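See below for the structure under consideration.
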Protein chains: 2
Amino acid sequence: MSTTKMNRSYLYGSFPGSFGNPTAEEKRLIRELKRLFARRQGRRYHKGDVIYQPGDIDDSLYYIHSGKVKLAYLDESGRKLTLTILGEGEIFGEMVLIGRKERDLLAQVLQDAVIYEIERSRFLELLREKPELALEVMELFGRRTQEIERKLEDLVFKDIPTRLSRQILKLIEEHGVETREGVQIDFKITHKELADLIGSARENTTSALNRLAKEGILDKKRYRIIVKDEERLKEKSGI
Amino acid sequence: MSTTKMNRSYLYGSFPGSFGNPTAEEKRLIRELKRLFARRQGRRYHKGDVIYQPGDIDDSLYYIHSGKVKLAYLDESGRKLTLTILGEGEIFGEMVLIGRKERDLLAQVLQDAVIYEIERSRFLELLREKPELALEVMELFGRRTQEIERKLEDLVFKDIPTRLSRQILKLIEEHGVETREGVQIDFKITHKELADLIGSARENTTSALNRLAKEGILDKKRYRIIVKDEERLKEKSGI
DNA sequence: GAGATTCTGTGTGCCCGCGGGCAGACCCCC
DNA sequence: GGGGGTCTGCCCGCGGGCACACAGAATCTC
């Protein structure tokens, strides 16, 4: 159970399976990658800034040094589906690596951020020099795939209250900070933002959230959610 | 526009972006990988056979030499969501590479198949020897991710007729054969199977299909779908 | 080739969840 | 510190799509 903050960084997390914990060699790679990203000055972004949006043609990967970024689908009708919210230490825009020219997601800043950018060609260069790095990227794709599969599964099989519970659990796992009253999500989030995450309308999200609050599972103030009873939230999410 | 059969093989397809078309080096890698898979005797599977199912613990990747395999989510309530249907030349089960011990998908044979199996450790061995191979795997994950993202987008934003049109287009792209009357899906498929692919109930899929037939966009017999007017089908799918 | 099984076609009731419409509360920024 | 804009709460009508229920047709099996 997560009580203190723990980012599930793709690059800094532990290596799975037979790779075991990071070896010296792997740590070297991580440093390498970090250096690669850090070579450029990190750029400062503000809440609401759009890093890229569907249709954009750019050729970079991004590394979040600080702040929060959301990745989302936009529908032509204006509806939105947020895939995930990323924090410190995470990489996005990796689709350029498999030859996507156009972005199909929106990448937007949710909390003021400093972000490093690296051109795909530079990244691939390094990948040629040090092909072991591709293992890292493989990791990245694999995890992202799992994340989306999970979301797909939820959307098809689960109703709104369940999806909401699961989403909040995910948020406090990835962005939770311990407080006196419970685990709080460490950035400001609106009901609309939550609704986009679970693929529902704002009104339904609000009322599902209110039910959870009424049951004493969480506290909420404007923009803030504090989970008081993680166990019961897990029950709600059908685990 | 696809008229003749074209499998979108992950391994044998063209390399994207700056990789350009397969170089001699890349072709060598592909041969290598193929050899790796072929070392074992291919195993023969029959329609309906389950290769693995959610919760199974096995440690292999699979290569489809011939036949069709579907990958699907199962809900505890018995509902099902089919992610994709794979054919000749494709690899699946790749999640073991990023340390998943348990399968979370069902892999089931749709059409009699010959499938090669390779243990993850053997695969990783080769990956250490020839880390360039990881680029291939990166590719694989990347494409699979895109595939799922597309499905997610459809499920949230599109209604059943649209999803059905899009799904049929995908099927004839990946499994289409040219016939006198039009492009036909080259394996037998039921309405239930189609419904699972687009995340809907069988009855609604049937009636949407019948509407398409009535409009002259496709012909259908039991188990068979023949697209007569690909252009109009594309319109229906909202492109 | 006859029976069993599976697949297809269609109709109906029902419910979840969307979307519109407001009112009121809270924030934030100037 | 006051006003405008955003966010939250709630109501309610409507509709897409699911579940159930059969009936008939095609296919498979022995």
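Going by the structure tokens order, chains are called A, B, ..., each with residues numbered from 1, while ligands are numbered from 1 in the order shown.
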
What residues in stretch 56-139 of chain B get the DSSP label helix (DSSP H, G or I)? Please answer as an mmCIF file with C-alpha atoms, in the first residue's frame.
```cif
data_model
loop_
_atom_site.group_PDB
_atom_site.id
_atom_site.type_symbol
_atom_site.label_atom_id
_atom_site.label_comp_id
_atom_site.auth_asym_id
_atom_site.auth_seq_id
_atom_site.Cartn_x
_atom_site.Cartn_y
_atom_site.Cartn_z
ATOM 1 C CA GLU B 94 5.354 -10.477 -25.806
ATOM 2 C CA MET B 95 4.326 -9.227 -22.372
ATOM 3 C CA VAL B 96 6.559 -11.829 -20.753
ATOM 4 C CA LEU B 97 9.433 -9.693 -21.954
ATOM 5 C CA ILE B 98 8.607 -6.943 -19.546
ATOM 6 C CA ARG B 120 11.398 -16.027 -22.747
ATOM 7 C CA SER B 121 14.824 -16.873 -21.407
ATOM 8 C CA ARG B 122 15.977 -18.038 -24.810
ATOM 9 C CA PHE B 123 14.630 -14.910 -26.346
ATOM 10 C CA LEU B 124 16.323 -12.706 -23.792
ATOM 11 C CA GLU B 125 19.552 -14.575 -24.336
ATOM 12 C CA LEU B 126 19.490 -13.674 -27.959
ATOM 13 C CA LEU B 127 18.538 -10.152 -27.023
ATOM 14 C CA ARG B 128 21.709 -9.874 -24.985
ATOM 15 C CA GLU B 129 23.834 -11.225 -27.779
ATOM 16 C CA LEU B 133 16.879 -7.058 -31.853
ATOM 17 C CA ALA B 134 15.372 -4.988 -29.120
ATOM 18 C CA LEU B 135 14.568 -2.431 -31.765
ATOM 19 C CA GLU B 136 12.304 -5.002 -33.335
ATOM 20 C CA VAL B 137 10.598 -5.699 -30.099
ATOM 21 C CA MET B 138 10.245 -2.018 -29.480
ATOM 22 C CA GLU B 139 8.454 -1.886 -32.797
#
```

Determine which residues of chain A sit within 9 Å of chain D, taking into account only C-alpha atoms (C1' of nucleotides), and present them as a PyMOL selection string. chain A and resi 190-192+203+206-207+222-223

Contact residues around stretch 155-161 of chain B with only C-alpha atoms (C1' of nucleotides) at 9 Å, ignoring same-chain residues under 2 positions, as a PyMOL selection string: (chain A and resi 75+77+79-81+152+155-156+199-200) or (chain B and resi 150-153+163-166+198-200+204-205+208-209+211-212+236-237) or (chain D and resi 16-17)

Report the closest atom pair, with its distance in Å rounded to one decimal, for each residue of chain C that has an atom no farther than 8 Å from chain A; count only C-alpha atoms (C1' of nucleotides), sort by chain and then rising residue number, and write it as CSV.
```
residue,atom,partner,partner_atom,distance
C:DG17,C1',A:Asn204,CA,7.6
C:DC18,C1',A:Ala201,CA,6.6
C:DC26,C1',A:Arg222,CA,7.8
```

Between B:His65, B:Lys130, B:Lys70, B:Arg43, single out the one closest to chain A, counting only C-alpha atoms. B:Lys130

Between A:Ile217, A:Leu197, A:Leu110, A:Val227, which is the closest to chain B once you count only C-alpha atoms?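 Smallest distance to chain B is found for A:Leu197.
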
What does the distance between atom CA of A:Leu171 and atom CA of B:Gly99 come to in Å, to one decimal place? 22.9 Å

Give me the residues within 12 Å of B:Arg44 as an NGL selection string, counting only C-alpha atoms (C1' of nucleotides) and dropping any in the same chain fewer than 3 places off. :B and (41 or 47 or 49-51 or 64-68 or 109 or 111-117)

Write the selection just made, keeping all heavy atoms, as a short mmCIF file (atom, residue, chain, number, x, y, z; two decimals), in the first residue's frame?
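Saved result, again-v9.cif, follows:
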```cif
data_model
loop_
_atom_site.label_atom_id
_atom_site.label_comp_id
_atom_site.auth_asym_id
_atom_site.auth_seq_id
_atom_site.Cartn_x
_atom_site.Cartn_y
_atom_site.Cartn_z
N GLN B 41 9.97 -27.55 -33.13
CA GLN B 41 8.90 -27.98 -34.02
C GLN B 41 7.68 -27.10 -33.79
O GLN B 41 7.31 -26.84 -32.66
CB GLN B 41 8.51 -29.44 -33.69
CG GLN B 41 9.20 -30.47 -34.53
CD GLN B 41 8.80 -30.43 -36.00
OE1 GLN B 41 8.39 -29.38 -36.51
NE2 GLN B 41 8.93 -31.56 -36.68
N LYS B 47 -9.08 -25.14 -34.22
CA LYS B 47 -10.05 -24.09 -33.94
C LYS B 47 -10.63 -24.27 -32.53
O LYS B 47 -11.06 -25.37 -32.17
CB LYS B 47 -11.18 -24.16 -34.96
CG LYS B 47 -12.20 -23.07 -34.81
CD LYS B 47 -13.24 -23.11 -35.91
CE LYS B 47 -14.35 -22.12 -35.61
NZ LYS B 47 -15.35 -22.07 -36.67
N ASP B 49 -8.98 -24.11 -29.74
CA ASP B 49 -7.94 -24.40 -28.76
C ASP B 49 -7.49 -23.12 -28.06
O ASP B 49 -7.37 -22.06 -28.68
CB ASP B 49 -6.71 -25.03 -29.44
CG ASP B 49 -6.99 -26.46 -29.90
OD1 ASP B 49 -8.07 -26.98 -29.59
OD2 ASP B 49 -6.11 -27.04 -30.58
N VAL B 50 -7.25 -23.26 -26.79
CA VAL B 50 -6.78 -22.12 -26.01
C VAL B 50 -5.26 -22.24 -25.83
O VAL B 50 -4.78 -23.24 -25.30
CB VAL B 50 -7.47 -22.07 -24.64
CG1 VAL B 50 -6.80 -21.05 -23.74
CG2 VAL B 50 -8.95 -21.73 -24.81
N ILE B 51 -4.55 -21.24 -26.26
CA ILE B 51 -3.09 -21.29 -26.13
C ILE B 51 -2.69 -20.87 -24.72
O ILE B 51 -1.88 -21.51 -24.08
CB ILE B 51 -2.43 -20.40 -27.20
CG1 ILE B 51 -2.85 -20.92 -28.59
CG2 ILE B 51 -0.92 -20.41 -27.07
CD1 ILE B 51 -2.57 -19.96 -29.69
N ILE B 64 3.15 -17.13 -35.12
CA ILE B 64 2.13 -17.82 -35.91
C ILE B 64 2.68 -18.15 -37.29
O ILE B 64 2.94 -17.26 -38.09
CB ILE B 64 0.87 -16.95 -36.07
CG1 ILE B 64 0.33 -16.56 -34.70
CG2 ILE B 64 -0.20 -17.71 -36.87
CD1 ILE B 64 -0.84 -15.59 -34.76
N HIS B 65 2.86 -19.43 -37.53
CA HIS B 65 3.33 -19.86 -38.84
C HIS B 65 2.18 -19.90 -39.84
O HIS B 65 2.32 -19.50 -40.99
CB HIS B 65 3.99 -21.25 -38.73
CG HIS B 65 4.41 -21.80 -40.04
ND1 HIS B 65 3.67 -22.72 -40.74
CD2 HIS B 65 5.49 -21.53 -40.81
CE1 HIS B 65 4.28 -23.00 -41.88
NE2 HIS B 65 5.38 -22.30 -41.95
N SER B 66 1.03 -20.37 -39.38
CA SER B 66 -0.18 -20.33 -40.20
C SER B 66 -1.39 -20.35 -39.28
O SER B 66 -1.29 -20.76 -38.13
CB SER B 66 -0.22 -21.53 -41.14
OG SER B 66 -0.33 -22.72 -40.38
N GLY B 67 -2.53 -19.93 -39.80
CA GLY B 67 -3.75 -19.91 -39.00
C GLY B 67 -4.05 -18.55 -38.41
O GLY B 67 -3.38 -17.56 -38.71
N LYS B 68 -5.10 -18.50 -37.58
CA LYS B 68 -5.53 -17.25 -36.96
C LYS B 68 -5.68 -17.43 -35.46
O LYS B 68 -6.18 -18.45 -35.00
CB LYS B 68 -6.90 -16.82 -37.52
CG LYS B 68 -6.99 -16.75 -39.02
CD LYS B 68 -6.35 -15.51 -39.59
CE LYS B 68 -6.43 -15.51 -41.11
NZ LYS B 68 -5.65 -14.43 -41.72
N VAL B 109 -7.37 -20.03 -30.66
CA VAL B 109 -7.23 -20.28 -32.10
C VAL B 109 -8.57 -20.13 -32.80
O VAL B 109 -9.56 -20.74 -32.39
CB VAL B 109 -6.67 -21.70 -32.34
CG1 VAL B 109 -6.62 -22.00 -33.83
CG2 VAL B 109 -5.28 -21.81 -31.73
N GLN B 111 -8.70 -20.29 -36.31
CA GLN B 111 -8.61 -21.11 -37.51
C GLN B 111 -7.38 -21.99 -37.32
O GLN B 111 -6.35 -21.49 -36.85
CB GLN B 111 -8.41 -20.21 -38.73
CG GLN B 111 -8.42 -20.93 -40.05
CD GLN B 111 -8.15 -19.96 -41.20
OE1 GLN B 111 -7.01 -19.55 -41.40
NE2 GLN B 111 -9.18 -19.59 -41.92
N ASP B 112 -7.51 -23.25 -37.66
CA ASP B 112 -6.42 -24.20 -37.41
C ASP B 112 -5.06 -23.56 -37.70
O ASP B 112 -4.89 -22.89 -38.70
CB ASP B 112 -6.60 -25.44 -38.28
CG ASP B 112 -7.82 -26.26 -37.83
OD1 ASP B 112 -8.51 -25.81 -36.89
OD2 ASP B 112 -8.06 -27.33 -38.40
N ALA B 113 -4.13 -23.80 -36.79
CA ALA B 113 -2.88 -23.03 -36.85
C ALA B 113 -1.67 -23.88 -36.51
O ALA B 113 -1.78 -24.90 -35.83
CB ALA B 113 -2.96 -21.86 -35.87
N VAL B 114 -0.54 -23.46 -37.03
CA VAL B 114 0.76 -24.00 -36.60
C VAL B 114 1.52 -22.87 -35.95
O VAL B 114 1.70 -21.80 -36.53
CB VAL B 114 1.55 -24.56 -37.79
CG1 VAL B 114 2.95 -24.97 -37.35
CG2 VAL B 114 0.83 -25.74 -38.41
N ILE B 115 1.92 -23.11 -34.73
CA ILE B 115 2.49 -22.03 -33.93
C ILE B 115 3.80 -22.46 -33.29
O ILE B 115 3.90 -23.55 -32.72
CB ILE B 115 1.47 -21.60 -32.85
CG1 ILE B 115 0.26 -20.96 -33.53
CG2 ILE B 115 2.10 -20.65 -31.85
CD1 ILE B 115 -0.87 -20.65 -32.61
N TYR B 116 4.80 -21.61 -33.40
CA TYR B 116 6.08 -21.87 -32.75
C TYR B 116 6.12 -21.18 -31.41
O TYR B 116 5.57 -20.10 -31.22
CB TYR B 116 7.22 -21.34 -33.63
CG TYR B 116 7.35 -22.04 -34.95
CD1 TYR B 116 7.03 -21.40 -36.14
CD2 TYR B 116 7.77 -23.36 -35.00
CE1 TYR B 116 7.14 -22.05 -37.35
CE2 TYR B 116 7.88 -24.03 -36.21
CZ TYR B 116 7.56 -23.36 -37.39
OH TYR B 116 7.66 -24.01 -38.58
N GLU B 117 6.78 -21.82 -30.50
CA GLU B 117 6.85 -21.28 -29.14
C GLU B 117 8.31 -21.10 -28.78
O GLU B 117 9.16 -21.92 -29.15
CB GLU B 117 6.20 -22.30 -28.20
CG GLU B 117 6.10 -21.84 -26.78
CD GLU B 117 5.41 -22.88 -25.88
OE1 GLU B 117 4.78 -23.80 -26.43
OE2 GLU B 117 5.55 -22.76 -24.67
#
```

Residue neighbourhood A:Asp58, 9 Å, only C-alpha atoms (C1' of nucleotides), exclusion window fewer than 5 positions, as a list in words: Tyr52, Val96, Lys101, Glu102, Arg103 and Glu119 of chain A

Could you pull out all residues of stretch 49-118 of chain A with a DSSP call of strand (DSSP E) and give them as an NGL selection string? :A and (50-52 or 60-74 or 80-86 or 91-92 or 106-118)

One decimal, Å: what's the distance from atom C1' of C:DC28 over to atom CA of A:Lys221, could you say?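 Interatomic distance, atom C1' of C:DC28 to atom CA of A:Lys221: 16.3 Å.
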
Using only C-alpha atoms, which of B:Gly142, B:Gly93, B:Gly216, B:Gly176 sits nearest chain A? B:Gly142

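Coordinates place atom CA of A:Leu74 at a distance of 7.1 Å from atom CA of A:Leu106.
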
Nearby residues (only C-alpha atoms (C1' of nucleotides)) at most 8 Å from B:Thr145, same-chain spacing under 2 positions excluded, as an MDAnalysis selection string: (chainID A and resid 141 144:145 148) or (chainID B and resid 141:143 147:149)
